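Below is one structure, written out as structure tokens; the observations come after it.
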Amino acid sequence: MNKSYKLLALSLVALFTHCAQASVDDTQGWNLGVGAAMSYHQYGSDIDDTLYNAHVSAGYRFNSYLGIEARIGKGFTDIELPAYERIVEQGLFYSGYLKAMYPLSSGFTPYLLVGAQNSEIEIDPVSTSDTSLSYGVGLSYRLQAKTVAVDLGLEALNAFQHGDLDYDVWDFGVKIGYQF
């Protein structure tokens with residue numbers, strides 16, 4: 001009987017050790033992040049300018065190479081177009097992505113994002129909300145301690161296109177994420 005308790009205790013220790021390692025395993029798990037971007041907005045053939053936005057994200061990493069990510073954010077600046085007597089504002093946006101990654105041994109991971117984004121864009125007096133294809137590339141660097149995995153990243157993302165308005169948005173941003 002005493003031998004059975006020792007075997008049970010040893011099995012529980014092995015199970016808890018495995019579970020603790022799995023919770024910080026960088027190959028899978030949930031993650032949360034925040035990001036900020038400089039959004040290059042092009043309206044028509046001759047008007048372009050920059051807005052700024054911020055977002056929060058949540059995702060799941062299935063393995064070292066594939067994950068999903070959802071984002072919600074908002075623009076917090078506007079563009080004045082005096083010649084056209086209009087103001088351009090980026091409102092709320094939300095998006096969903098499939099994320100393909102290729103981890104390198106140095107801690108860097110280049111990745112591709114492909115998905116869709118819905119954005120609210122207001123070009124006085126017209127306000128529109130539309131969903132379009134969104135795609136981009138990024139590079140993250142993982143800082144990992146015993147129980148914490150933090151990713152720092154840079155990305156370029158074609159965030160939104162609205163054909164009816166001849167409107168195109170590219171985001172160039174930074175982000176930080178926490179995996180648990």
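A note on labels: chains of the structure tokens are A, B, ... as shown, every chain counts residues from 1, and ligands are counted from 1 in their shown order.
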
(message) Quick one: residues within 6 Å of Gly59 (chain A), only C-alpha atoms, excluding same-chain residues fewer than 3 positions away - as a ChimeraX atom specification?
(response) /A:30-31,68-69

(message) Need to verify the contact set: region 121-131 of chain A, 8 Å, only C-alpha atoms, exclusion of same-chain residues closer than 2 positions in sequence. Can you return it as a PyMOL selection string?
(response) chain A and resi 86-91+116-119+133+160+162

Now that the selection is made, can you save its residues with N, CA and C atoms as a PDB file, in the first residue's frame?
```
ATOM      1  N   ARG A  86     -12.985  69.014 -46.191  1.00  0.00           N
ATOM      2  CA  ARG A  86     -13.383  67.743 -45.588  1.00  0.00           C
ATOM      3  C   ARG A  86     -12.401  67.355 -44.495  1.00  0.00           C
ATOM      4  N   ILE A  87     -12.883  66.522 -43.592  1.00  0.00           N
ATOM      5  CA  ILE A  87     -12.057  65.935 -42.545  1.00  0.00           C
ATOM      6  C   ILE A  87     -12.196  64.424 -42.648  1.00  0.00           C
ATOM      7  N   VAL A  88     -11.070  63.708 -42.583  1.00  0.00           N
ATOM      8  CA  VAL A  88     -11.064  62.248 -42.629  1.00  0.00           C
ATOM      9  C   VAL A  88     -10.790  61.736 -41.217  1.00  0.00           C
ATOM     10  N   GLU A  89     -11.638  60.830 -40.755  1.00  0.00           N
ATOM     11  CA  GLU A  89     -11.454  60.222 -39.439  1.00  0.00           C
ATOM     12  C   GLU A  89     -11.561  58.710 -39.571  1.00  0.00           C
ATOM     13  N   GLN A  90     -10.709  58.009 -38.830  1.00  0.00           N
ATOM     14  CA  GLN A  90     -10.809  56.558 -38.754  1.00  0.00           C
ATOM     15  C   GLN A  90     -11.496  56.225 -37.443  1.00  0.00           C
ATOM     16  N   GLY A  91     -12.640  55.542 -37.515  1.00  0.00           N
ATOM     17  CA  GLY A  91     -13.386  55.193 -36.316  1.00  0.00           C
ATOM     18  C   GLY A  91     -12.978  53.834 -35.790  1.00  0.00           C
ATOM     19  N   ALA A 116      -9.650  39.505 -42.532  1.00  0.00           N
ATOM     20  CA  ALA A 116     -10.576  40.553 -42.947  1.00  0.00           C
ATOM     21  C   ALA A 116     -10.658  41.602 -41.845  1.00  0.00           C
ATOM     22  N   GLN A 117     -10.911  42.841 -42.264  1.00  0.00           N
ATOM     23  CA  GLN A 117     -11.087  43.927 -41.311  1.00  0.00           C
ATOM     24  C   GLN A 117     -12.314  44.736 -41.685  1.00  0.00           C
ATOM     25  N   ASN A 118     -13.090  45.084 -40.678  1.00  0.00           N
ATOM     26  CA  ASN A 118     -14.212  45.999 -40.857  1.00  0.00           C
ATOM     27  C   ASN A 118     -13.797  47.317 -40.244  1.00  0.00           C
ATOM     28  N   SER A 119     -13.899  48.392 -41.000  1.00  0.00           N
ATOM     29  CA  SER A 119     -13.487  49.714 -40.531  1.00  0.00           C
ATOM     30  C   SER A 119     -14.577  50.735 -40.752  1.00  0.00           C
ATOM     31  N   LEU A 133     -10.577  42.573 -47.414  1.00  0.00           N
ATOM     32  CA  LEU A 133      -9.424  41.717 -47.204  1.00  0.00           C
ATOM     33  C   LEU A 133      -8.334  42.522 -46.504  1.00  0.00           C
ATOM     34  N   PHE A 160      -7.171  48.027 -44.896  1.00  0.00           N
ATOM     35  CA  PHE A 160      -8.525  48.317 -45.362  1.00  0.00           C
ATOM     36  C   PHE A 160      -8.485  48.891 -46.769  1.00  0.00           C
ATOM     37  N   HIS A 162     -11.469  50.387 -49.644  1.00  0.00           N
ATOM     38  CA  HIS A 162     -12.880  50.657 -49.952  1.00  0.00           C
ATOM     39  C   HIS A 162     -12.922  51.140 -51.400  1.00  0.00           C
TER      40      HIS A 162
END
```

(request) Please indicate the distance in Å from CA of Ala159 (chain A) to CA of Tyr141 (chain A), rounded to one decimal place. (result) 22.3 Å

(request) Excluding Tyr178 (chain A) and residues on its chain fewer than 2 positions from it, collect all residues at most 6 Å away from it, counting only C-alpha atoms, and give them as a VMD selection string. (result) chain A and resid 31 to 32 149 to 150

Per DSSP on the backbone, filter region 16-155 of chain A down to the residues in helix (DSSP H, G or I) and report them as a short mmCIF file (atom, residue, chain, number, x, y, z; two decimals) with all heavy atoms, in the first residue's frame.
```cif
data_model
loop_
_atom_site.label_atom_id
_atom_site.label_comp_id
_atom_site.auth_asym_id
_atom_site.auth_seq_id
_atom_site.Cartn_x
_atom_site.Cartn_y
_atom_site.Cartn_z
N PHE A 16 1.97 17.45 -12.80
CA PHE A 16 2.02 18.89 -12.53
C PHE A 16 3.22 19.53 -13.20
O PHE A 16 3.14 20.65 -13.70
CB PHE A 16 2.02 19.17 -11.02
CG PHE A 16 0.68 18.98 -10.38
CD1 PHE A 16 0.53 18.13 -9.32
CD2 PHE A 16 -0.44 19.64 -10.88
CE1 PHE A 16 -0.71 17.94 -8.73
CE2 PHE A 16 -1.68 19.45 -10.30
CZ PHE A 16 -1.82 18.59 -9.23
N THR A 17 4.35 18.86 -13.23
CA THR A 17 5.53 19.39 -13.91
C THR A 17 5.25 19.54 -15.40
O THR A 17 5.55 20.57 -16.01
CB THR A 17 6.75 18.47 -13.70
OG1 THR A 17 6.97 18.34 -12.30
CG2 THR A 17 7.99 19.03 -14.37
N HIS A 18 4.61 18.54 -16.00
CA HIS A 18 4.28 18.61 -17.42
C HIS A 18 3.28 19.75 -17.68
O HIS A 18 3.43 20.51 -18.63
CB HIS A 18 3.70 17.28 -17.89
CG HIS A 18 3.21 17.32 -19.30
ND1 HIS A 18 4.07 17.37 -20.37
CD2 HIS A 18 1.95 17.36 -19.81
CE1 HIS A 18 3.36 17.43 -21.49
NE2 HIS A 18 2.08 17.43 -21.17
N CYS A 19 2.26 19.88 -16.81
CA CYS A 19 1.27 20.95 -16.99
C CYS A 19 1.91 22.32 -16.84
O CYS A 19 1.59 23.25 -17.57
CB CYS A 19 0.13 20.81 -15.99
SG CYS A 19 -0.93 19.39 -16.34
N ALA A 20 2.82 22.48 -15.90
CA ALA A 20 3.50 23.77 -15.71
C ALA A 20 4.33 24.11 -16.93
O ALA A 20 4.35 25.25 -17.40
CB ALA A 20 4.37 23.74 -14.47
N GLN A 21 5.00 23.11 -17.51
CA GLN A 21 5.78 23.36 -18.71
C GLN A 21 4.87 23.69 -19.88
O GLN A 21 5.17 24.56 -20.68
CB GLN A 21 6.65 22.15 -19.05
CG GLN A 21 7.81 21.97 -18.12
CD GLN A 21 8.58 20.70 -18.42
OE1 GLN A 21 8.11 19.82 -19.14
NE2 GLN A 21 9.76 20.60 -17.85
N ALA A 22 3.73 23.03 -19.99
CA ALA A 22 2.81 23.28 -21.10
C ALA A 22 2.24 24.69 -21.03
O ALA A 22 1.97 25.29 -22.05
CB ALA A 22 1.68 22.25 -21.09
N SER A 23 2.07 25.24 -19.82
CA SER A 23 1.47 26.57 -19.72
C SER A 23 2.39 27.67 -20.24
O SER A 23 1.93 28.73 -20.60
CB SER A 23 1.07 26.87 -18.28
OG SER A 23 2.21 27.00 -17.48
N PRO A 82 -8.21 70.88 -46.45
CA PRO A 82 -8.76 72.21 -46.67
C PRO A 82 -9.22 72.45 -48.11
O PRO A 82 -10.24 73.09 -48.35
CB PRO A 82 -7.63 73.16 -46.32
CG PRO A 82 -6.59 72.34 -45.64
CD PRO A 82 -6.85 70.92 -45.97
N ALA A 83 -8.49 71.91 -49.08
CA ALA A 83 -8.86 72.13 -50.48
C ALA A 83 -10.23 71.54 -50.80
O ALA A 83 -10.94 72.02 -51.67
CB ALA A 83 -7.80 71.54 -51.40
N TYR A 84 -10.58 70.48 -50.08
CA TYR A 84 -11.85 69.81 -50.33
C TYR A 84 -12.87 70.11 -49.23
O TYR A 84 -13.98 69.60 -49.26
CB TYR A 84 -11.64 68.29 -50.42
CG TYR A 84 -10.79 67.89 -51.59
CD1 TYR A 84 -9.40 67.88 -51.49
CD2 TYR A 84 -11.37 67.55 -52.80
CE1 TYR A 84 -8.62 67.52 -52.57
CE2 TYR A 84 -10.60 67.19 -53.89
CZ TYR A 84 -9.22 67.17 -53.77
OH TYR A 84 -8.45 66.82 -54.83
#
```

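Our summary of the geometry notes that CA of Thr109 (chain A) is positioned 8.0 Å from CA of Arg142 (chain A).
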
(message) Here is a test: counting only C-alpha atoms, which residue of A:Phe172, A:Tyr102, A:Tyr65, A:Tyr135 is nearest to Asn53 (chain A)?
(response)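 Ranking A:Phe172, A:Tyr102, A:Tyr65, A:Tyr135 by distance to Asn53 (chain A), first place goes to A:Phe172.
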
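Distance annotation: of A:Met101, A:Gln42, A:Ala58, A:Ser64, the residue with the minimal separation from Ile176 (chain A) is A:Ala58; atom set is only C-alpha atoms.
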
(request) Have a look at CA of Val137 (chain A) and CA of Gly29 (chain A) and let me know their distance in Å, one decimal. (result)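 Those two atoms sit 21.2 Å apart.
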